[in-house]
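Have a look at query_29.pdb below; it lists PDB, C-alpha atoms.
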ATOM      1  CA  MET A 889       0.000   0.000   0.000
ATOM      2  CA  ALA A 890       1.397   3.414  -0.978
ATOM      3  CA  ALA A 891       2.209   5.916   1.760
ATOM      4  CA  GLU A 892      -0.469   8.313   0.484
ATOM      5  CA  ASP A 893      -3.096   5.565   0.868
ATOM      6  CA  GLN A 894      -2.351   5.058   4.568
ATOM      7  CA  PRO A 895      -5.099   6.281   6.942
ATOM      8  CA  ASP A 896      -4.334   9.405   8.945
ATOM      9  CA  PRO A 897      -3.714   8.360  12.592
ATOM     10  CA  ASP A 898      -4.852  11.805  13.758
ATOM     11  CA  ALA A 899      -8.180  11.599  11.936
ATOM     12  CA  PRO A 900     -11.250  11.781  14.239
ATOM     13  CA  ALA A 901     -12.919   8.552  15.389
ATOM     14  CA  GLY A 902     -15.832   7.202  13.396
ATOM     15  CA  GLY A 903     -14.566   8.649  10.113
ATOM     16  CA  ALA A 904     -16.346  11.960  10.709
ATOM     17  CA  ASP A 905     -16.000  14.749   8.150
ATOM     18  CA  VAL A 906     -14.112  17.476  10.034
ATOM     19  CA  SER A 907     -15.233  20.140   7.552
ATOM     20  CA  ALA A 908     -18.883  19.667   8.541
ATOM     21  CA  LYS A 909     -20.159  21.424  11.667
ATOM     22  CA  LEU A 910     -22.475  20.252  14.418
ATOM     23  CA  PHE A 911     -25.763  22.204  14.302
ATOM     24  CA  GLY A 912     -24.154  24.113  11.431
ATOM     25  CA  THR A 913     -22.053  26.099  13.928
ATOM     26  CA  TRP A 914     -19.558  24.091  15.990
ATOM     27  CA  GLU A 915     -16.256  22.741  14.650
ATOM     28  CA  ILE A 916     -15.436  19.100  15.439
ATOM     29  CA  GLY A 917     -11.866  18.882  14.134
ATOM     30  CA  GLU A 918      -9.867  20.716  16.830
ATOM     31  CA  LEU A 919     -10.859  18.806  19.966
ATOM     32  CA  GLU A 920      -8.399  17.804  22.683
ATOM     33  CA  TYR A 921      -8.612  14.641  24.778
ATOM     34  CA  ALA A 922      -6.963  14.624  28.191
ATOM     35  CA  ASP A 923      -7.730  10.960  28.965
ATOM     36  CA  PRO A 924      -6.273   8.466  26.447
ATOM     37  CA  SER A 925      -8.254   5.554  27.928
ATOM     38  CA  THR A 926     -11.664   6.984  27.005
ATOM     39  CA  GLU A 927     -10.656   8.772  23.779
ATOM     40  CA  ARG A 928     -11.681   5.929  21.444
ATOM     41  CA  TYR A 929     -15.118   5.757  23.130
ATOM     42  CA  ILE A 930     -15.856   9.490  22.820
ATOM     43  CA  THR A 931     -16.789   9.833  19.163
ATOM     44  CA  VAL A 932     -17.668  13.264  17.780
ATOM     45  CA  SER A 933     -19.500  13.734  14.487
ATOM     46  CA  PRO A 934     -21.602  16.516  12.917
ATOM     47  CA  VAL A 935     -24.671  14.249  13.015
ATOM     48  CA  ALA A 936     -26.817  14.600  16.151
ATOM     49  CA  HIS A 937     -29.646  12.250  15.120
ATOM     50  CA  THR A 938     -28.813   8.855  13.576
ATOM     51  CA  ALA A 939     -32.372   7.476  13.932
ATOM     52  CA  GLY A 940     -31.246   4.505  16.054
ATOM     53  CA  ARG A 941     -29.253   2.752  13.342
ATOM     54  CA  HIS A 942     -26.884   1.232  15.963
ATOM     55  CA  ALA A 943     -29.577   0.373  18.514
ATOM     56  CA  SER A 944     -29.553  -3.413  17.975
ATOM     57  CA  LYS A 945     -25.778  -3.864  17.659
ATOM     58  CA  GLN A 946     -23.792  -4.657  20.773
ATOM     59  CA  PHE A 947     -21.172  -2.044  21.722
ATOM     60  CA  LYS A 948     -21.956   0.017  18.608
ATOM     61  CA  LYS A 949     -23.100   2.847  20.881
ATOM     62  CA  SER A 950     -19.481   4.001  21.068
ATOM     63  CA  GLU A 951     -19.606   4.829  17.345
ATOM     64  CA  ILE A 952     -22.461   7.284  17.924
ATOM     65  CA  SER A 953     -21.537  10.928  18.524
ATOM     66  CA  ILE A 954     -21.104  11.767  22.210
ATOM     67  CA  VAL A 955     -23.522  14.678  21.670
ATOM     68  CA  GLU A 956     -26.272  12.346  20.478
ATOM     69  CA  ARG A 957     -25.596   9.932  23.341
ATOM     70  CA  PHE A 958     -25.982  12.810  25.798
ATOM     71  CA  ILE A 959     -29.249  13.835  24.093
ATOM     72  CA  ASN A 960     -30.497  10.226  24.363
ATOM     73  CA  ARG A 961     -29.644  10.186  28.064
ATOM     74  CA  LEU A 962     -31.656  13.352  28.643
ATOM     75  CA  MET A 963     -34.709  11.567  27.209
ATOM     76  CA  GLN A 964     -34.565   8.742  29.745
ATOM     77  CA  THR A 965     -37.049  10.163  32.236
ATOM     78  CA  GLU A 966     -40.789   9.635  32.583
ATOM     79  CA  GLU A 967     -41.583  13.141  31.351
ATOM     80  CA  ASN A 968     -39.217  13.234  28.330
ATOM     81  CA  THR A 969     -39.250   9.653  27.053
ATOM     82  CA  GLY A 970     -39.052   9.642  23.256
ATOM     83  CA  LYS A 971     -38.992  13.437  22.879
ATOM     84  CA  LYS A 972     -35.744  13.500  20.934
ATOM     85  CA  GLN A 973     -36.376  16.655  18.935
ATOM     86  CA  GLN A 974     -37.191  18.525  22.126
ATOM     87  CA  SER A 975     -34.025  17.261  23.838
ATOM     88  CA  LEU A 976     -31.970  18.111  20.750
ATOM     89  CA  ASN A 977     -33.288  21.684  20.824
ATOM     90  CA  TYR A 978     -32.433  21.953  24.529
ATOM     91  CA  VAL A 979     -28.833  20.888  23.858
ATOM     92  CA  ARG A 980     -28.504  23.223  20.859
ATOM     93  CA  ASP A 981     -29.645  26.197  22.988
ATOM     94  CA  ALA A 982     -27.429  25.074  25.901
ATOM     95  CA  PHE A 983     -24.406  24.995  23.589
ATOM     96  CA  ASP A 984     -25.076  28.645  22.688
ATOM     97  CA  LEU A 985     -25.190  29.497  26.411
ATOM     98  CA  ILE A 986     -21.933  27.628  27.057
ATOM     99  CA  HIS A 987     -20.197  29.508  24.253
ATOM    100  CA  GLU A 988     -21.479  32.861  25.593
ATOM    101  CA  ARG A 989     -20.136  32.099  29.082
ATOM    102  CA  THR A 990     -16.831  30.394  28.307
ATOM    103  CA  GLU A 991     -16.030  31.500  24.719
ATOM    104  CA  GLU A 992     -14.987  27.887  24.103
ATOM    105  CA  ASN A 993     -16.275  25.280  21.689
ATOM    106  CA  PRO A 994     -19.183  23.660  23.625
ATOM    107  CA  ILE A 995     -18.304  20.255  22.156
ATOM    108  CA  GLN A 996     -14.896  20.548  23.826
ATOM    109  CA  VAL A 997     -16.650  21.480  27.081
ATOM    110  CA  LEU A 998     -18.840  18.352  26.793
ATOM    111  CA  VAL A 999     -15.845  16.088  26.053
ATOM    112  CA  THR A1000     -13.921  17.478  29.041
ATOM    113  CA  ALA A1001     -17.010  17.147  31.260
ATOM    114  CA  VAL A1002     -17.409  13.476  30.297
ATOM    115  CA  GLU A1003     -13.718  12.798  31.009
ATOM    116  CA  ASN A1004     -13.929  14.531  34.413
ATOM    117  CA  ALA A1005     -17.164  12.779  35.429
ATOM    118  CA  ALA A1006     -16.014   9.260  34.468
ATOM    119  CA  PRO A1007     -15.276   7.146  37.590
ATOM    120  CA  ARG A1008     -12.048   5.139  37.493
ATOM    121  CA  GLU A1009     -12.976   2.706  40.283
ATOM    122  CA  GLU A1010     -16.176   1.229  41.686
ATOM    123  CA  THR A1011     -17.298  -1.634  43.926
ATOM    124  CA  VAL A1012     -18.830  -5.028  43.229
ATOM    125  CA  ARG A1013     -20.238  -7.503  45.741
ATOM    126  CA  LEU A1014     -18.528 -10.865  46.100
ATOM    127  CA  LYS A1015     -20.031 -13.716  48.110
ATOM    128  CA  TYR A1016     -17.806 -15.730  50.415
ATOM    129  CA  GLY A1017     -19.705 -18.509  52.122
ATOM    130  CA  GLY A1018     -22.982 -16.623  52.106
ATOM    131  CA  ILE A1019     -21.424 -13.324  53.204
ATOM    132  CA  SER A1020     -21.423 -10.393  50.752
ATOM    133  CA  VAL A1021     -18.123  -8.513  50.700
ATOM    134  CA  PRO A1022     -17.629  -5.286  48.700
ATOM    135  CA  LYS A1023     -14.578  -5.349  46.446
ATOM    136  CA  ALA A1024     -13.003  -2.451  44.535
ATOM    137  CA  VAL A1025     -12.543  -2.982  40.791
ATOM    138  CA  ASP A1026     -11.293  -0.850  37.897
ATOM    139  CA  VAL A1027     -13.979   0.464  35.543
ATOM    140  CA  ALA A1028     -13.784  -0.405  31.840
ATOM    141  CA  PRO A1029     -13.343   2.676  29.612
ATOM    142  CA  GLN A1030     -16.670   2.194  27.818
ATOM    143  CA  ARG A1031     -18.515   1.911  31.117
ATOM    144  CA  ARG A1032     -16.697   5.024  32.379
ATOM    145  CA  VAL A1033     -18.209   7.024  29.502
ATOM    146  CA  ASP A1034     -21.647   5.456  30.125
ATOM    147  CA  GLN A1035     -21.511   6.376  33.799
ATOM    148  CA  ALA A1036     -20.364   9.937  33.066
ATOM    149  CA  LEU A1037     -23.286  10.524  30.694
ATOM    150  CA  LYS A1038     -25.668   9.080  33.287
ATOM    151  CA  PHE A1039     -24.363  11.394  36.032
ATOM    152  CA  LEU A1040     -24.525  14.460  33.772
ATOM    153  CA  ALA A1041     -28.109  13.700  32.703
ATOM    154  CA  GLU A1042     -29.190  13.066  36.302
ATOM    155  CA  GLY A1043     -27.614  16.362  37.342
ATOM    156  CA  VAL A1044     -29.582  18.218  34.646
ATOM    157  CA  TYR A1045     -32.812  16.495  35.724
ATOM    158  CA  ASN A1046     -32.289  17.267  39.418
ATOM    159  CA  GLU A1047     -31.489  20.917  38.725
ATOM    160  CA  SER A1048     -34.340  21.599  36.291
ATOM    161  CA  PHE A1049     -37.278  19.381  37.370
ATOM    162  CA  LYS A1050     -39.876  21.261  39.432
ATOM    163  CA  THR A1051     -37.592  24.289  39.769
ATOM    164  CA  THR A1052     -37.422  27.724  38.163
ATOM    165  CA  THR A1053     -34.237  26.778  36.270
ATOM    166  CA  ASP A1054     -34.683  26.265  32.530
ATOM    167  CA  VAL A1055     -33.428  22.989  31.067
ATOM    168  CA  GLU A1056     -30.974  24.797  28.773
ATOM    169  CA  GLU A1057     -29.562  26.665  31.780
ATOM    170  CA  ALA A1058     -29.278  23.427  33.781
ATOM    171  CA  ILE A1059     -27.425  21.672  30.924
ATOM    172  CA  ALA A1060     -25.000  24.583  30.595
ATOM    173  CA  ASN A1061     -24.418  24.697  34.380
ATOM    174  CA  GLN A1062     -23.738  20.962  34.641
ATOM    175  CA  LEU A1063     -21.409  20.786  31.636
ATOM    176  CA  ILE A1064     -19.403  23.878  32.567
ATOM    177  CA  GLY A1065     -19.153  22.756  36.208
ATOM    178  CA  ALA A1066     -18.026  19.239  35.271
ATOM    179  CA  SER A1067     -15.523  20.525  32.719
ATOM    180  CA  ASN A1068     -13.991  22.727  35.452
ATOM    181  CA  TYR A1069     -13.999  19.757  37.881
ATOM    182  CA  ASP A1070     -16.272  21.614  40.304
ATOM    183  CA  VAL A1071     -17.066  19.138  43.104
ATOM    184  CA  GLN A1072     -20.336  20.989  43.722
ATOM    185  CA  THR A1073     -21.539  19.709  40.342
ATOM    186  CA  TYR A1074     -23.698  16.580  40.624
ATOM    187  CA  ALA A1075     -21.703  14.479  38.114
ATOM    188  CA  VAL A1076     -18.320  15.197  39.712
ATOM    189  CA  SER A1077     -19.678  14.661  43.240
ATOM    190  CA  GLN A1078     -21.112  11.262  42.196
ATOM    191  CA  LYS A1079     -17.781  10.276  40.656
ATOM    192  CA  GLU A1080     -15.907  11.296  43.809
ATOM    193  CA  GLU A1081     -18.381   9.362  45.963
ATOM    194  CA  LYS A1082     -17.999   6.183  43.863
ATOM    195  CA  GLU A1083     -14.222   6.368  44.036
ATOM    196  CA  ARG A1084     -14.281   7.125  47.784
ATOM    197  CA  VAL A1085     -16.417   4.032  48.459
ATOM    198  CA  ALA A1086     -14.148   1.925  46.219
ATOM    199  CA  ALA A1087     -11.016   3.159  47.995
ATOM    200  CA  ALA A1088     -12.509   2.032  51.302
ATOM    201  CA  ALA A1089     -13.241  -1.435  49.865
ATOM    202  CA  ARG A1090      -9.753  -2.192  48.543
TER
END
Would you give me this structure, written as structure tokens?
Amino acid sequence: MAAEDQPDPDAPAGGADVSAKLFGTWEIGELEYADPSTERYITVSPVAHTAGRHASKQFKKSEISIVERFINRLMQTEENTGKKQQSLNYVRDAFDLIHERTEENPIQVLVTAVENAAPREETVRLKYGGISVPKAVDVAPQRRVDQALKFLAEGVYNESFKTTTDVEEAIANQLIGASNYDVQTYAVSQKEEKERVAAAAR
């Protein structure tokens, strides 16, 4: 194979077209990843709605854009189940808020927030002769990303449900807080709690 035919090792995951923009506004080609273990599981593409084409394929979720996965997580409540267009609009508006506050690419803020909210250690229960004993284990990179998205979505729900805070404002608050590693943010506090419990069970 000729040298010019070799794939670019620095090309974004998932074969995304870096010239296209998410929501027609946000660049996807200049993102930085601080955590090499989760980088291959945080895919970014300009498509925010793939119509569930990977839904029935095991582990294919990691090929879906991290933005769409976050939107899907926001739908997983009784009130918002299935309302994807509504959740997508919330995230689009929240990205505008994030850019106004931080002057950064909101996709970069989301990627950093996911990396900061991903727990590295958790506990499992082992049975020894009928007695359950907690044991600390390392978390697989794909599960780390899953857990981070769960914590971020729960934080948005807790901040916006039955409160005066708009959903877009809650999304912006949670993502900016997690990207700055603010322990007052729900996602980061949950990560710290998981790792604290695991450290005690070593």
Using the chain letters and numbers from the file, which residues does the PyMOL selection byres ((chain A and resi 1060) around 12) grab, as number ranges by chain?
A: 978-990, 994-995, 997-998, 1001, 1040-1041, 1043-1044, 1047-1048, 1053-1059, 1061-1067, 1073
To test your reading of the syntax: which residues would the PyMOL selection byres ((chain A and resi 909-918) around 7) return for the file shown? Reply as a PyMOL selection string.
chain A and resi 906-908+919-920+932-935+993
Residues around (-16.7, 12.2, 35.0), cut-off 8 Å, counting only C-alpha atoms - what are they as a list in words?
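Using only C-alpha atoms, the matching residues come out as Ala1001, Val1002, Glu1003, Asn1004, Ala1005, Ala1006, Pro1007, Arg1032, Val1033, Gln1035, Ala1036, Phe1039, Ala1066, Ala1075, Val1076 and Lys1079 of chain A.
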Any idea what's packed within 8 Å of Met963 of chain A, counting all atoms listed in the file, ignoring anything in its chain fewer than 5 positions away? Could you give it as a count of residues only?
6
Å distance separating atom CA of His942 of chain A from atom CA of Arg957 of chain A, one decimal place
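Going from atom CA of His942 of chain A over to atom CA of Arg957 of chain A covers 11.5 Å.
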Atom CA of Glu951 of chain A and atom CA of Glu1081 of chain A, how far apart in Å?
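Result for atom CA of Glu1081 of chain A versus atom CA of Glu951 of chain A: 29.0 Å, one decimal.
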Return the padded bounding box of segment 986-989 of chain A as JSON: axis-aligned, built from all atoms listed in the file, 3 Å added on each side, with centre and edge lengths in Å to one decimal.
{"center_x": -21.0, "center_y": 30.2, "center_z": 26.7, "size_x": 7.8, "size_y": 11.2, "size_z": 10.8}
Nearest residue to Thr926 of chain A out of A:Ile1019, A:Ile954, A:Leu976, A:Ala1087, using all atoms listed in the file?
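Of A:Ile1019, A:Ile954, A:Leu976, A:Ala1087, the one nearest Thr926 of chain A is A:Ile954, counting all atoms listed in the file.
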Between A:Arg941, A:Lys1082, A:Arg1008, A:Arg1090, which one has atoms that come closest to Ala1024 of chain A, using all atoms listed in the file?
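Among the listed residues, A:Arg1090 lies closest to Ala1024 of chain A.
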A:Val999, A:Lys1023, A:Glu1009, A:Asn977 ranked by distance to Thr931 of chain A, top pick (using all atoms listed in the file)
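Distance minimum relative to Thr931 of chain A lands on A:Val999.
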From the list A:Gln1078, A:Ser950, A:Ala943, A:Tyr921, which residue is nearest Gln1030 of chain A when using only C-alpha atoms?
A:Ser950
Choose the residue, out of A:Tyr1069, A:Glu927, A:Ala1086, A:Gln964, that has the smallest atom-to-atom separation from Pro1022 of chain A; count all atoms listed in the file.
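Comparing A:Tyr1069, A:Glu927, A:Ala1086, A:Gln964 against Pro1022 of chain A, the winner is A:Ala1086.
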Could you work out how far atom CA of Asp1034 of chain A lies from atom CA of Gly940 of chain A, giving the answer in Å with one decimal?
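Distance reported for this atom pair: 17.1 Å.
Taking only C-alpha atoms into account, Phe1049 of chain A lies nearest to A:Glu967 out of the set A:Ser953, A:Gln946, A:Glu967, A:Thr938.
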